[in-house]
$ cat run03.txt   # compact mmCIF, N, CA and C atoms
# COMPACT_ATOMS: atom_id res chain seq x y z
N MET A 235 104.28 101.31 85.82
CA MET A 235 104.39 101.11 87.25
C MET A 235 103.77 102.32 87.94
N LYS A 236 102.94 102.06 88.89
CA LYS A 236 102.34 103.13 89.67
C LYS A 236 103.12 103.26 90.98
N LEU A 237 103.57 104.47 91.27
CA LEU A 237 104.20 104.77 92.56
C LEU A 237 103.08 105.22 93.49
N GLU A 238 102.73 104.38 94.44
CA GLU A 238 101.52 104.62 95.22
C GLU A 238 101.66 105.70 96.30
N ASN A 239 102.66 105.64 97.14
CA ASN A 239 102.72 106.57 98.27
C ASN A 239 104.05 107.31 98.38
N PHE A 240 104.76 107.42 97.26
CA PHE A 240 106.02 108.16 97.24
C PHE A 240 106.29 108.64 95.82
N ASN A 241 107.24 109.55 95.70
CA ASN A 241 107.70 110.05 94.40
C ASN A 241 109.21 110.16 94.41
N LEU A 242 109.82 110.12 93.24
CA LEU A 242 111.24 110.44 93.10
C LEU A 242 111.35 111.95 93.04
N VAL A 243 112.25 112.53 93.83
CA VAL A 243 112.40 113.98 93.79
C VAL A 243 113.79 114.42 93.33
N GLU A 244 114.72 113.53 93.39
CA GLU A 244 116.07 113.72 92.86
C GLU A 244 116.51 112.35 92.37
N ASP A 245 117.72 112.25 91.84
CA ASP A 245 118.18 110.94 91.40
C ASP A 245 118.76 110.13 92.56
N TYR A 246 118.56 110.62 93.79
CA TYR A 246 119.04 109.92 94.98
C TYR A 246 118.04 110.01 96.15
N ALA A 247 116.89 110.66 95.94
CA ALA A 247 115.96 110.91 97.05
C ALA A 247 114.52 110.67 96.63
N ILE A 248 113.72 110.32 97.64
CA ILE A 248 112.29 110.14 97.45
C ILE A 248 111.53 111.08 98.37
N SER A 249 110.30 111.34 98.03
CA SER A 249 109.40 112.10 98.89
C SER A 249 108.35 111.14 99.41
N TYR A 250 108.24 111.08 100.75
CA TYR A 250 107.27 110.20 101.40
C TYR A 250 106.63 110.97 102.56
N ASN A 251 105.32 111.10 102.54
CA ASN A 251 104.59 111.83 103.58
C ASN A 251 105.14 113.23 103.82
N GLY A 252 105.50 113.90 102.74
CA GLY A 252 105.99 115.27 102.84
C GLY A 252 107.44 115.40 103.30
N ILE A 253 108.14 114.29 103.48
CA ILE A 253 109.54 114.30 103.90
C ILE A 253 110.40 113.86 102.73
N GLN A 254 111.47 114.61 102.47
CA GLN A 254 112.43 114.18 101.46
C GLN A 254 113.43 113.25 102.12
N ILE A 255 113.56 112.05 101.58
CA ILE A 255 114.43 111.03 102.15
C ILE A 255 115.58 110.77 101.19
N ASP A 256 116.78 111.07 101.64
CA ASP A 256 118.01 110.93 100.85
C ASP A 256 118.54 109.51 101.03
N LEU A 257 118.29 108.66 100.05
CA LEU A 257 118.75 107.27 100.14
C LEU A 257 120.25 107.15 99.94
N HIS A 258 120.87 108.08 99.24
CA HIS A 258 122.31 108.01 98.99
C HIS A 258 123.13 108.30 100.24
N ASN A 259 122.81 109.37 100.93
CA ASN A 259 123.62 109.80 102.07
C ASN A 259 123.17 109.25 103.42
N ASN A 260 121.89 108.90 103.56
CA ASN A 260 121.38 108.55 104.88
C ASN A 260 120.99 107.09 105.06
N TYR A 261 120.92 106.32 103.98
CA TYR A 261 120.47 104.93 104.09
C TYR A 261 121.44 103.99 103.38
N ASP A 262 121.48 102.76 103.89
CA ASP A 262 122.19 101.67 103.22
C ASP A 262 121.17 100.64 102.78
N LEU A 263 121.43 100.03 101.65
CA LEU A 263 120.62 98.91 101.21
C LEU A 263 121.00 97.71 102.09
N ALA A 264 120.03 97.25 102.89
CA ALA A 264 120.31 96.20 103.88
C ALA A 264 119.95 94.81 103.39
N ASP A 265 118.93 94.71 102.54
CA ASP A 265 118.46 93.39 102.14
C ASP A 265 117.60 93.48 100.89
N LEU A 266 117.55 92.36 100.18
CA LEU A 266 116.67 92.20 99.02
C LEU A 266 115.88 90.92 99.21
N HIS A 267 114.57 90.97 98.94
CA HIS A 267 113.72 89.78 99.05
C HIS A 267 112.96 89.61 97.74
N VAL A 268 113.01 88.41 97.20
CA VAL A 268 112.21 88.07 96.03
C VAL A 268 111.20 87.01 96.44
N HIS A 269 109.93 87.30 96.24
CA HIS A 269 108.86 86.36 96.55
C HIS A 269 108.24 85.92 95.22
N TYR A 270 108.67 84.77 94.74
CA TYR A 270 108.26 84.31 93.42
C TYR A 270 106.76 83.99 93.34
N LEU A 271 106.23 83.34 94.37
CA LEU A 271 104.83 82.93 94.32
C LEU A 271 103.88 84.11 94.32
N THR A 272 104.23 85.16 95.05
CA THR A 272 103.35 86.34 95.12
C THR A 272 103.80 87.46 94.18
N ARG A 273 104.90 87.22 93.43
CA ARG A 273 105.43 88.20 92.47
C ARG A 273 105.73 89.54 93.13
N LYS A 274 106.48 89.48 94.24
CA LYS A 274 106.90 90.70 94.93
C LYS A 274 108.41 90.75 95.04
N PHE A 275 108.93 91.96 95.00
CA PHE A 275 110.35 92.23 95.23
C PHE A 275 110.42 93.34 96.26
N ILE A 276 111.22 93.15 97.29
CA ILE A 276 111.32 94.14 98.36
C ILE A 276 112.78 94.52 98.57
N MET A 277 113.02 95.83 98.58
CA MET A 277 114.33 96.39 98.91
C MET A 277 114.21 96.99 100.32
N VAL A 278 115.09 96.57 101.23
CA VAL A 278 115.07 97.07 102.60
C VAL A 278 116.24 98.06 102.76
N TRP A 279 115.89 99.29 103.15
CA TRP A 279 116.87 100.35 103.35
C TRP A 279 116.93 100.69 104.83
N GLN A 280 118.14 100.74 105.40
CA GLN A 280 118.34 100.98 106.83
C GLN A 280 119.01 102.34 107.04
N LEU A 281 118.47 103.15 107.95
CA LEU A 281 119.04 104.45 108.26
C LEU A 281 120.42 104.27 108.90
N VAL A 282 121.42 104.96 108.36
CA VAL A 282 122.77 104.89 108.91
C VAL A 282 123.31 106.26 109.27
N ASN A 283 122.64 107.32 108.80
CA ASN A 283 123.14 108.67 109.04
C ASN A 283 121.95 109.63 109.00
N ASN A 284 121.68 110.26 110.12
CA ASN A 284 120.57 111.22 110.16
C ASN A 284 121.14 112.61 110.37
N GLU A 285 121.73 113.16 109.33
CA GLU A 285 122.36 114.49 109.40
C GLU A 285 121.34 115.60 109.58
N ILE A 286 120.12 115.41 109.10
CA ILE A 286 119.16 116.49 109.15
C ILE A 286 118.42 116.55 110.48
N GLY A 287 118.53 115.51 111.32
CA GLY A 287 117.91 115.52 112.63
C GLY A 287 116.40 115.41 112.61
N ALA A 288 115.82 115.24 111.45
CA ALA A 288 114.37 115.12 111.35
C ALA A 288 113.93 113.71 111.73
N ALA A 289 112.68 113.59 111.99
CA ALA A 289 112.11 112.28 112.32
C ALA A 289 111.90 111.49 111.04
N ILE A 290 112.98 110.89 110.56
CA ILE A 290 112.88 110.06 109.36
C ILE A 290 112.91 108.60 109.78
N PRO A 291 112.29 107.73 109.01
CA PRO A 291 112.16 106.32 109.40
C PRO A 291 113.50 105.62 109.56
N GLN A 292 113.56 104.69 110.51
CA GLN A 292 114.75 103.85 110.71
C GLN A 292 114.92 102.85 109.57
N THR A 293 113.80 102.30 109.11
CA THR A 293 113.83 101.29 108.06
C THR A 293 112.75 101.59 107.04
N LEU A 294 113.12 101.52 105.78
CA LEU A 294 112.17 101.66 104.67
C LEU A 294 112.15 100.36 103.90
N GLU A 295 110.97 99.90 103.58
CA GLU A 295 110.83 98.77 102.68
C GLU A 295 110.17 99.28 101.42
N LEU A 296 110.89 99.18 100.32
CA LEU A 296 110.37 99.57 99.02
C LEU A 296 109.86 98.29 98.37
N GLU A 297 108.53 98.16 98.29
CA GLU A 297 107.91 96.93 97.80
C GLU A 297 107.38 97.12 96.39
N PHE A 298 107.72 96.17 95.54
CA PHE A 298 107.24 96.14 94.16
C PHE A 298 106.30 94.95 94.03
N ALA A 299 105.01 95.22 93.82
CA ALA A 299 104.00 94.17 93.72
C ALA A 299 103.60 93.98 92.27
N GLY A 300 103.24 92.76 91.92
CA GLY A 300 102.92 92.46 90.53
C GLY A 300 104.18 92.51 89.68
N LEU A 301 105.26 91.95 90.21
CA LEU A 301 106.57 92.00 89.55
C LEU A 301 106.50 91.37 88.17
N GLN A 302 106.96 92.13 87.17
CA GLN A 302 106.98 91.64 85.79
C GLN A 302 108.39 91.51 85.24
N TYR A 303 109.33 92.31 85.79
CA TYR A 303 110.71 92.26 85.31
C TYR A 303 111.64 92.59 86.46
N LEU A 304 112.70 91.80 86.60
CA LEU A 304 113.73 92.05 87.60
C LEU A 304 115.06 91.56 87.06
N SER A 305 116.06 92.42 87.08
CA SER A 305 117.42 91.98 86.74
C SER A 305 118.39 92.69 87.68
N ILE A 306 119.44 91.96 88.02
CA ILE A 306 120.49 92.51 88.88
C ILE A 306 121.81 92.15 88.22
N THR A 307 122.57 93.16 87.85
CA THR A 307 123.86 92.91 87.22
C THR A 307 124.91 92.63 88.29
N PRO A 308 125.98 91.95 87.90
CA PRO A 308 127.05 91.69 88.87
C PRO A 308 127.71 92.99 89.35
N ARG A 309 128.28 92.91 90.54
CA ARG A 309 129.01 94.03 91.12
C ARG A 309 130.38 94.16 90.44
N ASP A 310 131.01 95.30 90.62
CA ASP A 310 132.36 95.53 90.13
C ASP A 310 133.34 94.91 91.12
N PRO A 311 134.10 93.89 90.72
CA PRO A 311 135.00 93.23 91.67
C PRO A 311 136.13 94.13 92.18
N GLU A 312 136.36 95.25 91.52
CA GLU A 312 137.40 96.19 91.95
C GLU A 312 136.93 97.09 93.11
N MET A 313 135.62 97.13 93.35
CA MET A 313 135.06 98.01 94.37
C MET A 313 135.00 97.30 95.72
N PRO A 314 135.17 98.06 96.82
CA PRO A 314 135.02 97.47 98.16
C PRO A 314 133.58 97.00 98.36
N PHE A 315 133.40 95.92 99.11
CA PHE A 315 132.07 95.38 99.33
C PHE A 315 131.13 96.36 100.03
N GLU A 316 131.67 97.26 100.83
CA GLU A 316 130.84 98.26 101.53
C GLU A 316 130.07 99.14 100.54
N GLU A 317 130.61 99.31 99.35
CA GLU A 317 129.96 100.15 98.34
C GLU A 317 128.70 99.51 97.76
N ASP A 318 128.53 98.21 97.97
CA ASP A 318 127.35 97.51 97.47
C ASP A 318 126.07 97.99 98.15
N ARG A 319 126.21 98.60 99.32
CA ARG A 319 125.04 99.04 100.10
C ARG A 319 124.62 100.46 99.78
N THR A 320 125.44 101.20 99.07
CA THR A 320 125.18 102.63 98.87
C THR A 320 124.58 102.90 97.49
N LEU A 321 123.46 103.62 97.50
CA LEU A 321 122.83 104.02 96.25
C LEU A 321 123.69 105.08 95.56
N ASN A 322 123.93 104.88 94.28
CA ASN A 322 124.57 105.90 93.47
C ASN A 322 123.49 106.85 92.94
N GLU A 323 122.51 106.27 92.24
CA GLU A 323 121.39 107.05 91.71
C GLU A 323 120.29 106.10 91.26
N PHE A 324 119.11 106.65 91.03
CA PHE A 324 118.04 105.88 90.43
C PHE A 324 117.25 106.75 89.49
N GLY A 325 116.45 106.08 88.64
CA GLY A 325 115.61 106.81 87.70
C GLY A 325 114.86 105.84 86.81
N PHE A 326 114.01 106.40 85.98
CA PHE A 326 113.22 105.61 85.05
C PHE A 326 113.96 105.45 83.73
N ILE A 327 113.70 104.34 83.05
CA ILE A 327 114.31 104.08 81.75
C ILE A 327 113.28 103.35 80.89
N GLU A 328 113.29 103.64 79.60
CA GLU A 328 112.40 102.94 78.67
C GLU A 328 112.68 101.44 78.74
N ALA A 329 111.64 100.64 78.64
CA ALA A 329 111.79 99.18 78.72
C ALA A 329 112.73 98.64 77.66
N SER A 330 112.77 99.25 76.49
CA SER A 330 113.62 98.77 75.41
C SER A 330 115.05 99.32 75.47
N GLU A 331 115.30 100.24 76.37
CA GLU A 331 116.62 100.89 76.46
C GLU A 331 117.59 100.02 77.26
N SER A 332 118.79 99.82 76.72
CA SER A 332 119.78 99.02 77.43
C SER A 332 120.87 99.88 78.08
N ASN A 333 121.01 101.12 77.66
CA ASN A 333 122.03 102.01 78.22
C ASN A 333 121.46 102.72 79.44
N ILE A 334 121.92 102.34 80.62
CA ILE A 334 121.36 102.93 81.83
C ILE A 334 121.73 104.39 82.02
N GLU A 335 122.62 104.89 81.20
CA GLU A 335 122.94 106.32 81.25
C GLU A 335 121.75 107.17 80.81
N ASN A 336 120.77 106.53 80.19
CA ASN A 336 119.61 107.25 79.69
C ASN A 336 118.44 107.26 80.67
N THR A 337 118.73 107.12 81.96
CA THR A 337 117.65 107.19 82.94
C THR A 337 117.22 108.63 83.14
N THR A 338 116.01 108.79 83.61
CA THR A 338 115.48 110.12 83.90
C THR A 338 114.76 110.08 85.23
N THR A 339 114.77 111.18 85.92
CA THR A 339 114.02 111.29 87.17
C THR A 339 112.82 112.21 86.97
N ASN A 340 112.26 112.19 85.75
CA ASN A 340 110.99 112.90 85.56
C ASN A 340 110.02 112.27 86.53
N PHE A 341 109.56 113.03 87.44
CA PHE A 341 108.93 112.51 88.65
C PHE A 341 107.48 112.15 88.43
N ARG A 342 107.29 111.03 87.77
CA ARG A 342 105.96 110.54 87.45
C ARG A 342 105.49 109.58 88.53
N THR A 343 104.19 109.45 88.64
CA THR A 343 103.64 108.44 89.55
C THR A 343 103.07 107.26 88.79
N ASN A 344 102.91 107.37 87.50
CA ASN A 344 102.46 106.27 86.65
C ASN A 344 103.35 106.24 85.42
N THR A 345 103.98 105.11 85.15
CA THR A 345 104.83 105.01 83.98
C THR A 345 104.96 103.56 83.56
N ASP A 346 105.15 103.35 82.26
CA ASP A 346 105.42 102.02 81.74
C ASP A 346 106.91 101.74 81.69
N GLU A 347 107.70 102.65 82.19
CA GLU A 347 109.15 102.50 82.17
C GLU A 347 109.64 101.68 83.35
N HIS A 348 110.85 101.15 83.21
CA HIS A 348 111.49 100.41 84.29
C HIS A 348 112.11 101.40 85.27
N LEU A 349 112.22 100.99 86.52
CA LEU A 349 112.91 101.77 87.54
C LEU A 349 114.27 101.12 87.75
N VAL A 350 115.34 101.92 87.67
CA VAL A 350 116.70 101.41 87.74
C VAL A 350 117.41 102.03 88.94
N PHE A 351 118.02 101.15 89.75
CA PHE A 351 118.83 101.57 90.90
C PHE A 351 120.28 101.22 90.58
N SER A 352 121.15 102.21 90.61
CA SER A 352 122.58 102.00 90.42
C SER A 352 123.25 102.10 91.79
N LEU A 353 124.02 101.07 92.16
CA LEU A 353 124.71 101.06 93.45
C LEU A 353 126.18 101.42 93.25
N ASN A 354 126.79 102.01 94.26
CA ASN A 354 128.19 102.42 94.15
C ASN A 354 129.13 101.25 93.88
N GLY A 355 128.73 100.04 94.29
CA GLY A 355 129.56 98.86 94.06
C GLY A 355 129.50 98.34 92.65
N GLY A 356 128.70 98.98 91.79
CA GLY A 356 128.64 98.62 90.38
C GLY A 356 127.42 97.85 89.96
N SER A 357 126.66 97.28 90.88
CA SER A 357 125.45 96.54 90.51
C SER A 357 124.36 97.49 90.05
N ILE A 358 123.55 96.98 89.13
CA ILE A 358 122.39 97.70 88.64
C ILE A 358 121.17 96.81 88.89
N ILE A 359 120.17 97.37 89.58
CA ILE A 359 118.92 96.66 89.84
C ILE A 359 117.86 97.32 88.98
N ARG A 360 117.24 96.54 88.11
CA ARG A 360 116.24 97.06 87.16
C ARG A 360 114.92 96.35 87.42
N ILE A 361 113.86 97.13 87.60
CA ILE A 361 112.58 96.58 88.05
C ILE A 361 111.44 97.15 87.23
N TYR A 362 110.47 96.28 86.95
CA TYR A 362 109.18 96.74 86.47
C TYR A 362 108.11 95.92 87.17
N SER A 363 107.12 96.62 87.74
CA SER A 363 106.02 95.96 88.44
C SER A 363 104.76 96.80 88.23
N ASP A 364 103.65 96.24 88.67
CA ASP A 364 102.39 96.98 88.58
C ASP A 364 102.35 98.15 89.55
N LEU A 365 102.91 97.93 90.75
CA LEU A 365 102.78 98.90 91.84
C LEU A 365 104.04 98.93 92.67
N ALA A 366 104.45 100.12 93.08
CA ALA A 366 105.56 100.28 94.02
C ALA A 366 105.06 101.14 95.18
N GLN A 367 105.41 100.72 96.38
CA GLN A 367 105.02 101.49 97.56
C GLN A 367 106.06 101.35 98.67
N ILE A 368 106.06 102.33 99.57
CA ILE A 368 106.97 102.37 100.70
C ILE A 368 106.23 101.90 101.95
N HIS A 369 106.91 101.07 102.74
CA HIS A 369 106.44 100.72 104.08
C HIS A 369 107.53 101.15 105.04
N VAL A 370 107.18 101.79 106.14
CA VAL A 370 108.17 102.23 107.12
C VAL A 370 108.10 101.34 108.35
N LYS A 371 109.26 101.17 108.97
CA LYS A 371 109.36 100.35 110.19
C LYS A 371 109.98 101.18 111.30
$ encode --input "run03.txt" --output "structure tokens"
Amino acid sequence: MKLENFNLVEDYAISYNGIQIDLHNNYDLADLHVHYLTRKFIMVWQLVNNEIGAAIPQTLELEFAGLQYLSITPRDPEMPFEEDRTLNEFGFIEASESNIENTTTNFRTNTDEHLVFSLNGGSIIRIYSDLAQIHVK
């Protein structure tokens, strides 16, 4: 997967246009879109807390084009539904690896590994595509 216009800089933040964007503390996952015909998956993140006061985007769309793999595990029924919107962490994982504890945030822009998003509500979103890019709104 090629990360076109962003990089992972922590297990909870991305770098976009020279700005570090903390998805865990400042954004909620607002929506997921799967476009089967065009093989795209889009994660929509909405700003909910701007503690740093910087000009960070209100809405981020993380688009995965040329989608080859997508899985979403069920949420933890013991967790409050509000936790489904909050990122716990993300990172890369080998395609053959099933233990998500083995993710890494080695900040590559080209990798054959899957990108895994762990949400506080217990769901795991695992993605592999040809290209990933950020669109701001």
$ residues_near_point --input "run03.txt" --point "(110.4, 101.2, 99.7)" --cutoff "6.5 Å" --atoms "only N, CA and C atoms" --output "PDB file with N, CA and C atoms, in the frame of the given file"
ATOM      1  N   MET A 277     113.020  95.830  98.580  1.00  0.00           N
ATOM      2  CA  MET A 277     114.330  96.390  98.910  1.00  0.00           C
ATOM      3  C   MET A 277     114.210  96.990 100.320  1.00  0.00           C
ATOM      4  N   LEU A 294     113.120 101.520 105.780  1.00  0.00           N
ATOM      5  CA  LEU A 294     112.170 101.660 104.670  1.00  0.00           C
ATOM      6  C   LEU A 294     112.150 100.360 103.900  1.00  0.00           C
ATOM      7  N   GLU A 295     110.970  99.900 103.580  1.00  0.00           N
ATOM      8  CA  GLU A 295     110.830  98.770 102.680  1.00  0.00           C
ATOM      9  C   GLU A 295     110.170  99.280 101.420  1.00  0.00           C
ATOM     10  N   LEU A 296     110.890  99.180 100.320  1.00  0.00           N
ATOM     11  CA  LEU A 296     110.370  99.570  99.020  1.00  0.00           C
ATOM     12  C   LEU A 296     109.860  98.290  98.370  1.00  0.00           C
ATOM     13  N   GLU A 297     108.530  98.160  98.290  1.00  0.00           N
ATOM     14  CA  GLU A 297     107.910  96.930  97.800  1.00  0.00           C
ATOM     15  C   GLU A 297     107.380  97.120  96.390  1.00  0.00           C
ATOM     16  N   GLN A 367     105.410 100.720  96.380  1.00  0.00           N
ATOM     17  CA  GLN A 367     105.020 101.490  97.560  1.00  0.00           C
ATOM     18  C   GLN A 367     106.060 101.350  98.670  1.00  0.00           C
ATOM     19  N   ILE A 368     106.060 102.330  99.570  1.00  0.00           N
ATOM     20  CA  ILE A 368     106.970 102.370 100.700  1.00  0.00           C
ATOM     21  C   ILE A 368     106.230 101.900 101.950  1.00  0.00           C
ATOM     22  N   HIS A 369     106.910 101.070 102.740  1.00  0.00           N
ATOM     23  CA  HIS A 369     106.440 100.720 104.080  1.00  0.00           C
ATOM     24  C   HIS A 369     107.530 101.150 105.040  1.00  0.00           C
TER      25      HIS A 369
END
$ closest_residue --input "run03.txt" --among "A:Lys236, A:Lys371, A:Arg273, A:His258" --to "Ser352 of chain A" --atoms "only C-alpha atoms"
A:His258
$ residues_around --input "run03.txt" --residues "Asp262 of chain A" --least-positions-apart "5" --cutoff "7 Å" --atoms "all atoms listed in the file" --output "tab-separated table (two decimals) with N, CA and C atoms, keeping the file's coordinate frame"
chain	number	residue	atom	x	y	z
A	257	LEU	N	118.29	108.66	100.05
A	257	LEU	CA	118.75	107.27	100.14
A	257	LEU	C	120.25	107.15	99.94
A	278	VAL	N	115.09	96.57	101.23
A	278	VAL	CA	115.07	97.07	102.60
A	278	VAL	C	116.24	98.06	102.76
A	279	TRP	N	115.89	99.29	103.15
A	279	TRP	CA	116.87	100.35	103.35
A	279	TRP	C	116.93	100.69	104.83
A	280	GLN	N	118.14	100.74	105.40
A	280	GLN	CA	118.34	100.98	106.83
A	280	GLN	C	119.01	102.34	107.04
A	281	LEU	N	118.47	103.15	107.95
A	281	LEU	CA	119.04	104.45	108.26
A	281	LEU	C	120.42	104.27	108.90
A	282	VAL	N	121.42	104.96	108.36
A	282	VAL	CA	122.77	104.89	108.91
A	282	VAL	C	123.31	106.26	109.27
A	283	ASN	N	122.64	107.32	108.80
A	283	ASN	CA	123.14	108.67	109.04
A	283	ASN	C	121.95	109.63	109.00
A	319	ARG	N	126.21	98.60	99.32
A	319	ARG	CA	125.04	99.04	100.10
A	319	ARG	C	124.62	100.46	99.78
A	320	THR	N	125.44	101.20	99.07
A	320	THR	CA	125.18	102.63	98.87
A	320	THR	C	124.58	102.90	97.49
A	321	LEU	N	123.46	103.62	97.50
A	321	LEU	CA	122.83	104.02	96.25
A	321	LEU	C	123.69	105.08	95.56
$ select_by_dssp --input "run03.txt" --residues "chain A" --states "strand (DSSP E)" --output "PyMOL selection string"
chain A and resi 236-237+241-242+247-250+253-256+261-269+274-281+293-306+321-327+348-353+358-370
$ residues_around --input "run03.txt" --residues "Glu317 of chain A" --least-positions-apart "4" --cutoff "6.5 Å" --atoms "all atoms listed in the file" --output "number ranges by chain"
A: 313, 353-356
$ axis_aligned_box --input "run03.txt" --around "segment 255-260 of chain A" --padding-each-side "3 Å" --output "lines of an AutoDock Vina configuration file"
center_x = 118.6
center_y = 109.6
center_z = 102.0
size_x = 16.1
size_y = 11.0
size_z = 12.1
$ select_by_dssp --input "run03.txt" --residues "segment 292-371 of chain A" --states "helix (DSSP H, G or I)" --output "list of chain:residue names"
A:Phe315, A:Glu316, A:Glu317, A:Asp318, A:Arg319, A:Ile334, A:Glu335, A:Asn336
$ atom_distance --input "run03.txt" --atom1 "atom C of Ser305 of chain A" --atom2 "atom N of Tyr250 of chain A"
24.7 Å
$ atom_distance --input "run03.txt" --atom1 "atom CA of Val370 of chain A" --atom2 "atom C of Ile358 of chain A"
23.0 Å
$ atom_distance --input "run03.txt" --atom1 "atom N of Pro314 of chain A" --atom2 "atom N of Asn260 of chain A"
18.4 Å
$ closest_residue --input "run03.txt" --among "A:Glu347, A:Glu312, A:Asp318, A:Glu328" --to "Leu263 of chain A" --atoms "only C-alpha atoms"
A:Asp318
$ closest_residue --input "run03.txt" --among "A:Ala329, A:Phe298, A:Asn284, A:Arg309" --to "Tyr261 of chain A" --atoms "all atoms listed in the file"
A:Asn284
$ closest_residue --input "run03.txt" --among "A:Asp265, A:Glu285, A:Glu323, A:Asp310" --to "Glu244 of chain A" --atoms "only C-alpha atoms"
A:Glu323
$ closest_residue --input "run03.txt" --among "A:Leu349, A:Leu242, A:Ala264, A:Ile290" --to "Glu316 of chain A" --atoms "only C-alpha atoms"
A:Ala264
$ residues_around --input "run03.txt" --residues "Arg360 of chain A" --least-positions-apart "3" --cutoff "7 Å" --atoms "only C-alpha atoms" --output "list of chain:residue names"
A:Leu304, A:Ser305, A:Ile306, A:His348, A:Leu349, A:Val350, A:Phe351
$ residues_around --input "run03.txt" --residues "Asp256 of chain A" --least-positions-apart "5" --cutoff "7 Å" --atoms "only N, CA and C atoms" --output "PDB file with N, CA and C atoms, in the coordinates of the input"
ATOM      1  N   TYR A 246     118.560 110.620  93.790  1.00  0.00           N
ATOM      2  CA  TYR A 246     119.040 109.920  94.980  1.00  0.00           C
ATOM      3  C   TYR A 246     118.040 110.010  96.150  1.00  0.00           C
ATOM      4  N   ALA A 247     116.890 110.660  95.940  1.00  0.00           N
ATOM      5  CA  ALA A 247     115.960 110.910  97.050  1.00  0.00           C
ATOM      6  C   ALA A 247     114.520 110.670  96.630  1.00  0.00           C
ATOM      7  N   ILE A 248     113.720 110.320  97.640  1.00  0.00           N
ATOM      8  CA  ILE A 248     112.290 110.140  97.450  1.00  0.00           C
ATOM      9  C   ILE A 248     111.530 111.080  98.370  1.00  0.00           C
ATOM     10  N   TYR A 261     120.920 106.320 103.980  1.00  0.00           N
ATOM     11  CA  TYR A 261     120.470 104.930 104.090  1.00  0.00           C
ATOM     12  C   TYR A 261     121.440 103.990 103.380  1.00  0.00           C
TER      13      TYR A 261
END
$ closest_residue --input "run03.txt" --among "A:Gln254, A:Ser332, A:Gln302, A:Gln292" --to "Tyr362 of chain A" --atoms "only N, CA and C atoms"
A:Gln302
